[in-house]
$ cat my_file09.cif   # mmCIF, C-alpha atoms and all ligand atoms
data_work
loop_
_atom_site.label_atom_id
_atom_site.label_comp_id
_atom_site.auth_asym_id
_atom_site.auth_seq_id
_atom_site.Cartn_x
_atom_site.Cartn_y
_atom_site.Cartn_z
CA MET A 1284 26.32 -79.18 -28.94
CA GLY A 1285 26.15 -77.67 -25.48
CA ALA A 1286 28.03 -75.42 -23.09
CA GLY A 1287 31.59 -76.63 -22.77
CA ASP A 1288 32.00 -77.60 -26.45
CA LEU A 1289 34.75 -75.73 -28.29
CA TRP A 1290 36.83 -76.27 -31.43
CA LEU A 1291 40.17 -74.49 -31.14
CA ARG A 1292 41.77 -74.28 -34.59
CA ASP A 1293 45.54 -73.88 -35.09
CA GLY A 1294 46.70 -73.68 -31.49
CA ARG A 1295 50.34 -74.37 -30.67
CA VAL A 1296 50.73 -77.15 -28.15
CA SER A 1297 53.96 -77.08 -26.18
CA GLY A 1298 56.68 -79.22 -27.75
CA SER A 1299 55.15 -79.45 -31.21
CA ALA A 1300 56.25 -77.28 -34.12
CA ALA A 1301 53.05 -77.40 -36.16
CA PRO A 1302 49.76 -75.81 -35.07
CA ALA A 1303 47.17 -78.34 -33.92
CA ASP A 1304 43.41 -78.37 -33.47
CA ILE A 1305 42.00 -79.04 -30.02
CA VAL A 1306 38.44 -80.24 -29.55
CA VAL A 1307 36.80 -79.76 -26.15
CA ARG A 1308 33.51 -81.50 -25.57
CA ASP A 1309 31.39 -81.07 -22.49
CA GLY A 1310 34.22 -79.25 -20.71
CA ARG A 1311 36.88 -81.89 -21.33
CA ILE A 1312 39.53 -82.21 -24.05
CA GLU A 1313 38.43 -84.87 -26.54
CA THR A 1314 41.21 -84.72 -29.14
CA VAL A 1315 44.45 -82.89 -29.80
CA GLY A 1316 45.73 -82.70 -33.39
CA VAL A 1317 42.54 -83.93 -35.06
CA ALA A 1318 39.94 -81.66 -36.68
CA PRO A 1319 36.34 -82.77 -36.09
CA ALA A 1320 34.53 -84.30 -39.09
CA SER A 1321 31.60 -81.96 -38.51
CA TRP A 1322 31.06 -79.16 -35.99
CA GLU A 1323 28.25 -76.82 -35.12
CA GLY A 1324 29.49 -75.38 -31.82
CA PRO A 1325 31.70 -72.40 -30.97
CA THR A 1326 35.01 -72.14 -32.84
CA VAL A 1327 38.15 -70.11 -32.17
CA ASP A 1328 40.96 -69.39 -34.63
CA ALA A 1329 43.93 -69.61 -32.23
CA ARG A 1330 46.27 -68.11 -34.88
CA GLY A 1331 49.19 -70.25 -33.73
CA HIS A 1332 49.11 -68.94 -30.16
CA LEU A 1333 50.56 -71.17 -27.44
CA VAL A 1334 47.96 -73.25 -25.58
CA LEU A 1335 48.80 -74.00 -21.94
CA PRO A 1336 46.77 -75.68 -19.21
CA GLY A 1337 44.97 -73.13 -17.03
CA LEU A 1338 47.34 -71.42 -14.60
CA VAL A 1339 47.32 -72.34 -10.93
CA ASP A 1340 48.01 -70.30 -7.82
CA GLY A 1341 48.76 -72.86 -5.12
CA HIS A 1342 49.44 -70.36 -2.34
CA ALA A 1343 47.37 -67.17 -2.20
CA HIS A 1344 45.92 -64.96 0.57
CA VAL A 1345 43.00 -63.29 -1.21
CA ASP A 1346 41.30 -62.15 2.01
CA LYS A 1347 44.20 -59.79 2.74
CA THR A 1348 44.39 -57.98 -0.59
CA LEU A 1349 44.08 -54.24 -1.17
CA TRP A 1350 43.63 -54.90 -4.93
CA GLY A 1351 41.70 -52.10 -6.59
CA LEU A 1352 42.26 -49.68 -3.69
CA PRO A 1353 44.59 -46.67 -3.83
CA TRP A 1354 48.32 -47.40 -3.38
CA ARG A 1355 49.25 -47.71 0.26
CA PRO A 1356 52.90 -47.41 1.31
CA HIS A 1357 54.09 -50.31 3.45
CA SER A 1358 53.74 -49.36 7.10
CA ALA A 1359 54.83 -52.35 9.24
CA GLY A 1360 57.86 -52.43 11.52
CA ALA A 1361 60.46 -55.20 11.39
CA GLY A 1362 59.68 -58.81 12.30
CA LEU A 1363 56.72 -61.18 12.16
CA ALA A 1364 54.95 -59.87 15.27
CA ALA A 1365 55.04 -56.31 13.86
CA LEU A 1366 53.59 -57.52 10.55
CA ILE A 1367 50.74 -59.35 12.28
CA GLU A 1368 49.94 -56.32 14.46
CA ASN A 1369 50.14 -53.94 11.47
CA GLU A 1370 47.56 -56.05 9.68
CA ARG A 1371 45.21 -56.39 12.62
CA THR A 1372 44.99 -52.62 13.01
CA GLY A 1373 45.29 -51.72 9.30
CA ARG A 1374 42.49 -53.98 8.10
CA ARG A 1375 39.86 -52.15 10.16
CA GLY A 1376 37.89 -49.87 7.89
CA LEU A 1377 38.77 -51.71 4.68
CA PRO A 1378 36.00 -52.70 2.23
CA PRO A 1379 34.56 -56.16 2.94
CA VAL A 1380 36.73 -59.23 2.31
CA SER A 1381 34.24 -60.53 -0.27
CA GLU A 1382 34.57 -57.33 -2.35
CA ARG A 1383 38.37 -57.25 -2.27
CA ALA A 1384 38.68 -60.99 -2.96
CA ALA A 1385 36.27 -60.69 -5.91
CA ALA A 1386 38.35 -57.85 -7.41
CA LEU A 1387 41.41 -60.06 -7.21
CA PHE A 1388 39.60 -63.12 -8.63
CA GLU A 1389 38.64 -60.98 -11.63
CA THR A 1390 42.30 -60.25 -12.39
CA TYR A 1391 43.46 -63.80 -11.66
CA SER A 1392 40.93 -65.11 -14.17
CA ALA A 1393 41.79 -62.52 -16.85
CA ASN A 1394 45.43 -63.62 -16.44
CA GLY A 1395 44.55 -67.22 -17.24
CA THR A 1396 44.27 -68.66 -13.74
CA THR A 1397 41.64 -71.39 -13.39
CA LEU A 1398 42.53 -72.89 -9.99
CA ILE A 1399 43.48 -71.17 -6.72
CA ARG A 1400 44.30 -72.41 -3.24
CA THR A 1401 43.98 -69.51 -0.84
CA HIS A 1402 44.82 -69.42 2.83
CA VAL A 1403 42.25 -67.32 4.72
CA ASP A 1404 42.77 -65.88 8.19
CA VAL A 1405 40.91 -67.41 11.10
CA ASP A 1406 41.48 -65.52 14.34
CA LEU A 1407 39.94 -64.28 17.57
CA ASP A 1408 39.01 -60.86 16.12
CA ASN A 1409 37.08 -62.09 13.09
CA GLY A 1410 36.34 -65.74 13.80
CA VAL A 1411 35.50 -67.56 10.57
CA SER A 1412 33.92 -64.58 8.82
CA ALA A 1413 36.75 -64.13 6.28
CA VAL A 1414 36.44 -67.81 5.28
CA GLU A 1415 32.71 -67.33 4.72
CA GLU A 1416 33.27 -64.16 2.70
CA VAL A 1417 35.96 -65.71 0.48
CA LEU A 1418 33.67 -68.70 -0.15
CA ASP A 1419 30.91 -66.23 -1.13
CA ALA A 1420 33.24 -64.43 -3.57
CA ALA A 1421 34.41 -67.79 -4.97
CA ALA A 1422 30.79 -68.80 -5.56
CA GLN A 1423 30.34 -65.69 -7.73
CA PHE A 1424 33.29 -66.86 -9.85
CA ARG A 1425 32.42 -70.55 -10.00
CA ASP A 1426 32.17 -70.46 -13.80
CA ARG A 1427 35.68 -69.06 -14.11
CA LEU A 1428 37.72 -70.31 -11.15
CA ASP A 1429 38.00 -73.29 -8.86
CA VAL A 1430 38.90 -72.00 -5.41
CA GLU A 1431 39.85 -74.01 -2.36
CA VAL A 1432 40.25 -72.44 1.05
CA VAL A 1433 42.75 -73.24 3.80
CA ALA A 1434 41.65 -72.21 7.30
CA PHE A 1435 44.77 -70.31 8.36
CA PRO A 1436 45.75 -69.38 11.94
CA GLN A 1437 47.75 -66.27 10.94
CA SER A 1438 47.97 -64.94 14.50
CA GLY A 1439 48.96 -68.29 15.99
CA MET A 1440 46.89 -70.99 17.62
CA LEU A 1441 48.33 -71.97 21.00
CA ILE A 1442 49.31 -68.34 21.70
CA ALA A 1443 45.72 -67.32 20.88
CA PRO A 1444 43.56 -69.79 22.85
CA GLY A 1445 40.24 -70.43 21.14
CA THR A 1446 41.73 -70.39 17.64
CA ALA A 1447 41.87 -74.21 17.40
CA ASP A 1448 38.08 -74.41 17.79
CA LEU A 1449 37.69 -71.68 15.16
CA LEU A 1450 39.85 -73.67 12.70
CA ASP A 1451 37.58 -76.64 13.22
CA ALA A 1452 34.52 -74.40 12.66
CA ALA A 1453 36.10 -72.99 9.49
CA VAL A 1454 36.49 -76.49 8.05
CA GLU A 1455 32.86 -77.15 8.94
CA ALA A 1456 31.97 -73.89 7.15
CA GLY A 1457 33.59 -75.07 3.93
CA ALA A 1458 37.38 -74.75 4.14
CA ALA A 1459 38.88 -77.73 2.30
CA LEU A 1460 42.09 -77.75 4.33
CA VAL A 1461 43.32 -76.86 7.78
CA GLY A 1462 46.43 -74.70 8.01
CA GLY A 1463 49.22 -74.14 10.49
CA ILE A 1464 52.00 -71.60 10.90
CA ASP A 1465 55.53 -71.95 12.27
CA PRO A 1466 54.48 -74.44 14.93
CA ALA A 1467 57.73 -73.82 16.85
CA GLY A 1468 58.89 -70.35 15.77
CA LEU A 1469 55.59 -68.52 16.18
CA ASP A 1470 53.41 -70.81 18.26
CA GLY A 1471 56.10 -72.11 20.63
CA ASP A 1472 55.17 -75.81 20.74
CA ALA A 1473 55.56 -77.67 17.47
CA ILE A 1474 54.25 -80.99 18.72
CA ALA A 1475 51.11 -79.55 20.32
CA HIS A 1476 50.44 -77.30 17.29
CA LEU A 1477 50.79 -80.11 14.75
CA ASP A 1478 48.74 -82.49 16.91
CA VAL A 1479 45.84 -80.01 16.79
CA VAL A 1480 46.17 -79.41 13.02
CA PHE A 1481 46.46 -83.09 12.11
CA GLY A 1482 43.76 -83.95 14.66
CA ILE A 1483 41.31 -81.70 12.78
CA ALA A 1484 42.37 -83.23 9.45
CA ASP A 1485 41.87 -86.73 10.82
CA ARG A 1486 38.47 -85.93 12.30
CA ARG A 1487 37.13 -83.85 9.42
CA GLY A 1488 38.78 -85.71 6.52
CA CYS A 1489 40.31 -82.49 5.18
CA GLY A 1490 43.80 -81.74 3.83
CA VAL A 1491 46.64 -79.95 5.64
CA ASP A 1492 48.79 -77.02 4.48
CA VAL A 1493 51.34 -75.68 6.97
CA HIS A 1494 53.26 -72.40 6.59
CA LEU A 1495 56.82 -73.18 7.66
CA HIS A 1496 59.26 -70.25 7.59
CA ASP A 1497 61.40 -71.65 10.43
CA ARG A 1498 64.84 -72.25 9.00
CA GLY A 1499 67.72 -74.65 9.56
CA THR A 1500 67.56 -77.52 12.05
CA LEU A 1501 64.42 -76.16 13.75
CA GLY A 1502 62.56 -76.11 10.43
CA ARG A 1503 63.79 -79.54 9.34
CA TRP A 1504 62.81 -81.07 12.69
CA GLN A 1505 59.25 -79.82 12.09
CA VAL A 1506 59.22 -81.22 8.54
CA GLY A 1507 60.08 -84.57 10.16
CA LEU A 1508 57.14 -84.19 12.55
CA ILE A 1509 54.85 -83.47 9.58
CA VAL A 1510 56.17 -86.52 7.68
CA GLU A 1511 55.57 -88.75 10.71
CA ARG A 1512 51.98 -87.52 11.23
CA THR A 1513 51.21 -87.86 7.51
CA ARG A 1514 52.39 -91.48 7.60
CA ALA A 1515 50.61 -92.34 10.84
CA LEU A 1516 47.24 -90.92 9.69
CA GLY A 1517 47.43 -92.19 6.11
CA LEU A 1518 47.29 -88.64 4.73
CA GLN A 1519 49.61 -89.28 1.76
CA GLY A 1520 48.84 -86.83 -1.06
CA ARG A 1521 46.80 -84.58 1.27
CA VAL A 1522 49.55 -82.60 3.03
CA THR A 1523 51.48 -79.52 1.87
CA VAL A 1524 54.39 -77.68 3.42
CA SER A 1525 54.38 -74.05 2.29
CA HIS A 1526 57.63 -72.06 1.92
CA ALA A 1527 59.86 -74.69 3.59
CA PHE A 1528 62.84 -72.32 3.74
CA CYS A 1529 64.61 -75.05 5.76
CA LEU A 1530 64.90 -77.11 2.56
CA CYS A 1531 66.58 -74.27 0.66
CA ASP A 1532 69.93 -73.84 2.42
CA GLY A 1533 71.88 -76.73 0.85
CA ASP A 1534 72.49 -78.43 4.22
CA PRO A 1535 73.39 -82.14 3.91
CA ALA A 1536 70.33 -82.99 6.04
CA VAL A 1537 68.02 -81.75 3.25
CA ALA A 1538 68.61 -84.68 0.86
CA PRO A 1539 67.29 -87.50 3.10
CA LEU A 1540 64.38 -85.31 4.20
CA LEU A 1541 63.35 -84.78 0.56
CA GLU A 1542 63.27 -88.56 0.14
CA ARG A 1543 60.96 -88.88 3.16
CA LEU A 1544 58.68 -86.18 1.71
CA ALA A 1545 58.56 -88.08 -1.60
CA GLU A 1546 57.71 -91.36 0.20
CA GLN A 1547 54.73 -89.76 1.95
CA ARG A 1548 53.68 -87.82 -1.19
CA ILE A 1549 53.86 -84.54 0.72
CA THR A 1550 53.74 -81.55 -1.60
CA LEU A 1551 55.62 -78.28 -1.41
CA ALA A 1552 54.38 -74.76 -2.12
CA THR A 1553 56.74 -71.92 -2.96
CA VAL A 1554 56.14 -68.27 -3.74
CA ALA A 1555 59.64 -67.67 -5.18
CA SER A 1556 60.33 -65.42 -2.23
CA GLY A 1557 63.08 -62.84 -2.37
CA SER A 1558 63.98 -63.56 1.26
CA ALA A 1559 65.23 -67.16 0.94
CA GLU A 1560 67.16 -69.27 -1.53
CA PRO A 1561 64.90 -71.13 -4.00
CA LEU A 1562 63.86 -74.73 -3.38
CA PRO A 1563 66.18 -77.30 -5.05
CA LEU A 1564 63.73 -77.68 -7.95
CA ALA A 1565 65.75 -80.08 -10.11
CA ARG A 1566 66.16 -82.63 -7.27
CA ILE A 1567 62.53 -82.16 -6.23
CA ALA A 1568 61.37 -82.89 -9.80
CA GLU A 1569 63.68 -85.95 -9.97
CA LEU A 1570 62.14 -87.35 -6.80
CA GLY A 1571 58.64 -86.73 -8.15
CA ILE A 1572 57.69 -84.40 -5.30
CA ALA A 1573 54.75 -82.26 -6.40
CA VAL A 1574 55.35 -78.51 -6.18
CA CYS A 1575 53.02 -75.60 -6.69
CA LEU A 1576 53.74 -71.90 -7.02
CA GLY A 1577 51.83 -69.01 -5.52
CA GLN A 1578 51.65 -65.25 -5.38
CA ASP A 1579 51.37 -65.27 -1.56
CA GLY A 1580 49.71 -61.97 -0.66
CA VAL A 1581 48.96 -59.56 -3.51
CA ARG A 1582 49.21 -55.84 -2.62
CA ASP A 1583 48.36 -56.19 1.04
CA LEU A 1584 49.45 -55.00 4.46
CA TRP A 1585 52.26 -57.58 4.44
CA SER A 1586 53.83 -56.49 1.17
CA PRO A 1587 53.17 -54.23 -1.82
CA TRP A 1588 54.20 -56.98 -4.28
CA GLY A 1589 52.15 -59.37 -6.39
CA ASP A 1590 50.09 -58.97 -9.56
CA ALA A 1591 47.80 -62.04 -9.73
CA ASP A 1592 49.71 -63.13 -12.87
CA MET A 1593 51.08 -66.66 -12.49
CA LEU A 1594 53.18 -66.38 -15.66
CA SER A 1595 55.05 -63.42 -14.23
CA ARG A 1596 55.48 -65.40 -10.99
CA ALA A 1597 56.81 -68.36 -13.02
CA ALA A 1598 59.35 -65.93 -14.49
CA GLN A 1599 60.26 -64.82 -10.96
CA LEU A 1600 60.74 -68.45 -9.88
CA ALA A 1601 63.00 -69.13 -12.87
CA TRP A 1602 64.92 -65.91 -12.32
CA ARG A 1603 65.44 -66.65 -8.60
CA ALA A 1604 66.66 -70.14 -9.54
CA GLY A 1605 69.17 -68.71 -12.03
CA PHE A 1606 67.54 -70.56 -14.94
CA ARG A 1607 68.28 -69.54 -18.53
CA ARG A 1608 67.58 -72.61 -20.64
CA ASP A 1609 64.12 -73.01 -22.19
CA ASP A 1610 63.50 -76.42 -20.60
CA ASP A 1611 64.39 -75.11 -17.12
CA ILE A 1612 62.09 -72.09 -17.51
CA ALA A 1613 59.38 -74.41 -18.90
CA LEU A 1614 59.60 -76.44 -15.66
CA CYS A 1615 58.65 -73.24 -13.79
CA VAL A 1616 55.67 -72.72 -16.13
CA GLU A 1617 54.58 -76.31 -15.43
CA ILE A 1618 54.86 -75.59 -11.69
CA ALA A 1619 52.52 -72.64 -12.34
CA SER A 1620 50.08 -74.87 -14.29
CA SER A 1621 49.94 -78.67 -14.65
CA ARG A 1622 52.43 -79.58 -11.92
CA GLY A 1623 50.93 -77.02 -9.56
CA ALA A 1624 47.47 -78.44 -10.18
CA ALA A 1625 48.74 -81.96 -9.47
CA ALA A 1626 50.20 -80.69 -6.19
CA LEU A 1627 46.64 -79.63 -5.31
CA GLY A 1628 45.34 -83.08 -6.23
CA VAL A 1629 44.10 -82.09 -9.71
CA VAL A 1630 45.94 -84.50 -12.01
CA ASP A 1631 44.04 -83.82 -15.25
CA GLN A 1632 45.06 -80.18 -15.81
CA VAL A 1633 46.91 -81.09 -19.04
CA VAL A 1634 46.60 -80.29 -22.75
CA ALA A 1635 45.88 -83.88 -23.79
CA PRO A 1636 42.83 -86.02 -24.49
CA GLY A 1637 40.92 -86.47 -21.22
CA GLY A 1638 42.35 -83.27 -19.76
CA ARG A 1639 40.21 -80.52 -18.28
CA GLY A 1640 39.02 -77.94 -20.78
CA ASP A 1641 40.75 -75.28 -18.66
CA LEU A 1642 43.13 -73.56 -21.08
CA VAL A 1643 44.97 -70.30 -21.62
CA LEU A 1644 46.19 -68.96 -24.98
CA ILE A 1645 49.25 -66.76 -25.22
CA ASP A 1646 50.91 -65.05 -28.18
CA ALA A 1647 54.28 -66.74 -27.58
CA GLY A 1648 56.28 -69.47 -29.31
CA SER A 1649 57.12 -71.52 -26.22
CA PRO A 1650 56.43 -71.73 -22.47
CA ALA A 1651 59.81 -70.09 -21.81
CA GLU A 1652 58.90 -67.10 -23.99
CA ALA A 1653 55.45 -66.99 -22.37
CA ALA A 1654 57.04 -66.73 -18.92
CA VAL A 1655 59.74 -64.22 -19.78
CA ALA A 1656 57.44 -61.91 -21.80
CA HIS A 1657 54.13 -62.78 -20.06
CA PRO A 1658 52.02 -60.87 -22.64
CA PRO A 1659 48.28 -60.33 -22.01
CA ARG A 1660 46.39 -63.62 -22.28
CA SER A 1661 44.71 -63.84 -25.69
CA LEU A 1662 41.99 -66.24 -24.51
CA VAL A 1663 41.08 -67.90 -21.21
CA ILE A 1664 38.86 -70.97 -21.30
CA LYS A 1665 37.15 -72.60 -18.31
CA ARG A 1666 35.55 -76.04 -18.81
CA GLY A 1667 35.46 -75.44 -22.56
CA VAL A 1668 33.83 -72.01 -22.28
CA PRO A 1669 35.81 -68.88 -23.28
CA VAL A 1670 35.61 -66.48 -20.34
CA SER A 1671 37.93 -63.61 -21.35
CA GLY A 1672 40.48 -62.48 -23.93
CA ALA A 1673 40.65 -60.67 -27.25
CA LEU A 1674 40.57 -63.66 -29.64
CA ALA A 1675 37.20 -63.84 -31.39
CA VAL A 1676 34.86 -66.74 -30.68
CA GLY A 1677 32.84 -67.69 -33.76
ZN ZN B 1 51.32 -67.53 2.92
#
$ encode --input "my_file09.cif" --output "structure tokens" --more "lines below"
Ligand SMILES: [Zn+2]
Amino acid sequence: MGAGDLWLRDGRVSGSAAPADIVVRDGRIETVGVAPASWEGPTVDARGHLVLPGLVDGHAHVDKTLWGLPWRPHSAGAGLAALIENERTGRRGLPPVSERAAALFETYSANGTTLIRTHVDVDLDNGVSAVEEVLDAAAQFRDRLDVEVVAFPQSGMLIAPGTADLLDAAVEAGAALVGGIDPAGLDGDAIAHLDVVFGIADRRGCGVDVHLHDRGTLGRWQVGLIVERTRALGLQGRVTVSHAFCLCDGDPAVAPLLERLAEQRITLATVASGSAEPLPLARIAELGIAVCLGQDGVRDLWSPWGDADMLSRAAQLAWRAGFRRDDDIALCVEIASSRGAAALGVVDQVVAPGGRGDLVLIDAGSPAEAAVAHPPRSLVIKRGVPVSGALAVG
């Protein structure tokens, strides 16, 4: 027996009425529903609690957080430019990024999160220092969280000359993906912006994740540009469009665009925003388009919202979508766990033999109840090792 071996007795696996044993060996699920013949390693009596795959935040901004600091009333004026300026002045004098990100990672982990994709600002003021600091904080949490970083040009790229080279340097420094932001609406030249972003991905072999708030025809035109570049560069399964409000308005042009996204295996990230209609989740699931869910910023200079709890965000997604039925709400929990992981390229975040031993236990009878009530997590397990929670490990 070694680290990463765990016998979980009497857990409740989604969809089954009777409690089942789960055996994790060397960090990976070996069996579900079969008690081991003999066992000398750590054991947990799960007391019938629900066992879900580790939760996933597919769209975070941990470098921006004020988590752990005194409450700060929102101070920005209206509009994107005012928000960006408010942050650039407001972040001076804050504790280091690594400290604030670590405080947030602590809460994410306690809430059952085992995988996070975070966008991290790269700009002319700070260069790639925030990327380096988030990577440092992530290294401290490597036994509890997998963290991947997107080099994110928050303040624009073409409108801030020099930023493109910094994005490239950030990928060299360890960012797993290169980001973009409103190539037309903020940066003023969608084709040039996306050519730089996809050029870095092509050269560096990294993924792409583009923030796209631009709505309507302008937004959908840019989704088409992203589809075309993904196809041309063979980046299927490596590209994400975040927010994609232009796919949320029910316009007839959305349906064929969703089919093109499915063909190129482009994934979508949503944060269940209050400022746009939800994505058409049922159609997206039918087409097999991978979707992840994120907190976006948590308690930062952009917004006071967020709690680093992906079950409460799954509830928000279901609530925004008008869902009431258990199976619809369960889809949102999957988007916050197994489906969200798959959107990030992690296809084995499942409670099944061969799955990662990344698990979260919740005192709830079903995923729908877990989302609606989101009680404190009773045990969080990373690679077969319990890392937090009140359930006793024997
Ligand atoms: Zn974002």
$ closest_residue --input "my_file09.cif" --among "A:Ala1538, A:Ala1447, A:Val1554, A:Val1411" --to "ligand ZN 1 (chain B)" --atoms "all atoms listed in the file"
A:Val1554
$ residues_around --input "my_file09.cif" --residues "region 1414-1426 of chain A" --least-positions-apart "4" --cutoff "9 Å" --atoms "all atoms listed in the file" --output "PyMOL selection string"
chain A and resi 1345-1346+1379-1385+1388-1389+1392+1401-1405+1410+1430-1434+1453+1456-1458+1665-1666+1668+1670
$ residues_near_ligand --input "my_file09.cif" --ligand "ligand ZN 1 (chain B)" --cutoff "8 Å" --atoms "only C-alpha atoms and all ligand atoms" --output "ChimeraX atom specification"
/A:1342-1344,1402,1494,1525-1526,1579-1580
$ closest_residue --input "my_file09.cif" --among "A:Ser1649, A:Gly1628, A:Gly1638, A:Gly1341" --to "Ser1299 (chain A)" --atoms "all atoms listed in the file"
A:Ser1649
$ closest_residue --input "my_file09.cif" --among "A:Leu1584, A:Ala1635, A:Leu1333, A:Val1655" --to "Gly1373 (chain A)" --atoms "only C-alpha atoms"
A:Leu1584
$ axis_aligned_box --input "my_file09.cif" --around "region 1478-1488 of chain A" --padding-each-side "6 Å" --output "AutoDock Vina command-line options"
--center_x 42.9 --center_y -83.1 --center_z 11.7 --size_x 23.6 --size_y 19.3 --size_z 22.4
$ atom_distance --input "my_file09.cif" --atom1 "CA of Ala1626 (chain A)" --atom2 "CA of Asp1340 (chain A)"
10.7 Å
$ decode --input "my_file09.cif" --residues "region 1610-1616 of chain A" --atoms "all heavy atoms" --output "short mmCIF file (atom, residue, chain, number, x, y, z; two decimals), in the first residue's frame"
data_model
loop_
_atom_site.label_atom_id
_atom_site.label_comp_id
_atom_site.auth_asym_id
_atom_site.auth_seq_id
_atom_site.Cartn_x
_atom_site.Cartn_y
_atom_site.Cartn_z
N ASP A 1610 -32.64 15.86 -13.67
CA ASP A 1610 -31.66 15.52 -14.70
C ASP A 1610 -31.09 16.78 -15.36
O ASP A 1610 -29.92 16.81 -15.76
CB ASP A 1610 -32.23 14.52 -15.73
CG ASP A 1610 -33.58 14.96 -16.28
OD1 ASP A 1610 -34.14 15.96 -15.80
OD2 ASP A 1610 -34.06 14.29 -17.21
N ASP A 1611 -31.89 17.85 -15.46
CA ASP A 1611 -31.37 19.10 -16.02
C ASP A 1611 -30.35 19.73 -15.07
O ASP A 1611 -29.29 20.21 -15.50
CB ASP A 1611 -32.52 20.09 -16.27
CG ASP A 1611 -33.39 19.67 -17.45
OD1 ASP A 1611 -32.88 18.99 -18.36
OD2 ASP A 1611 -34.58 20.03 -17.45
N ILE A 1612 -30.67 19.72 -13.77
CA ILE A 1612 -29.74 20.31 -12.79
C ILE A 1612 -28.47 19.45 -12.73
O ILE A 1612 -27.35 19.98 -12.62
CB ILE A 1612 -30.40 20.43 -11.41
CG1 ILE A 1612 -31.65 21.33 -11.50
CG2 ILE A 1612 -29.43 21.00 -10.38
CD1 ILE A 1612 -32.51 21.34 -10.25
N ALA A 1613 -28.64 18.12 -12.87
CA ALA A 1613 -27.47 17.23 -12.85
C ALA A 1613 -26.54 17.52 -14.02
O ALA A 1613 -25.31 17.40 -13.90
CB ALA A 1613 -27.92 15.77 -12.88
N LEU A 1614 -27.11 17.94 -15.18
CA LEU A 1614 -26.26 18.31 -16.32
C LEU A 1614 -25.34 19.47 -15.91
O LEU A 1614 -24.15 19.49 -16.25
CB LEU A 1614 -27.14 18.71 -17.52
CG LEU A 1614 -26.41 19.34 -18.71
CD1 LEU A 1614 -25.44 18.34 -19.36
CD2 LEU A 1614 -27.41 19.86 -19.76
N CYS A 1615 -25.88 20.42 -15.15
CA CYS A 1615 -25.07 21.57 -14.71
C CYS A 1615 -23.96 21.12 -13.75
O CYS A 1615 -22.86 21.68 -13.76
CB CYS A 1615 -25.96 22.63 -14.07
SG CYS A 1615 -27.16 23.30 -15.23
N VAL A 1616 -24.27 20.12 -12.90
CA VAL A 1616 -23.22 19.59 -12.00
C VAL A 1616 -22.14 18.89 -12.83
O VAL A 1616 -20.95 19.01 -12.53
CB VAL A 1616 -23.84 18.64 -10.94
CG1 VAL A 1616 -22.75 17.99 -10.10
CG2 VAL A 1616 -24.81 19.41 -10.05
#
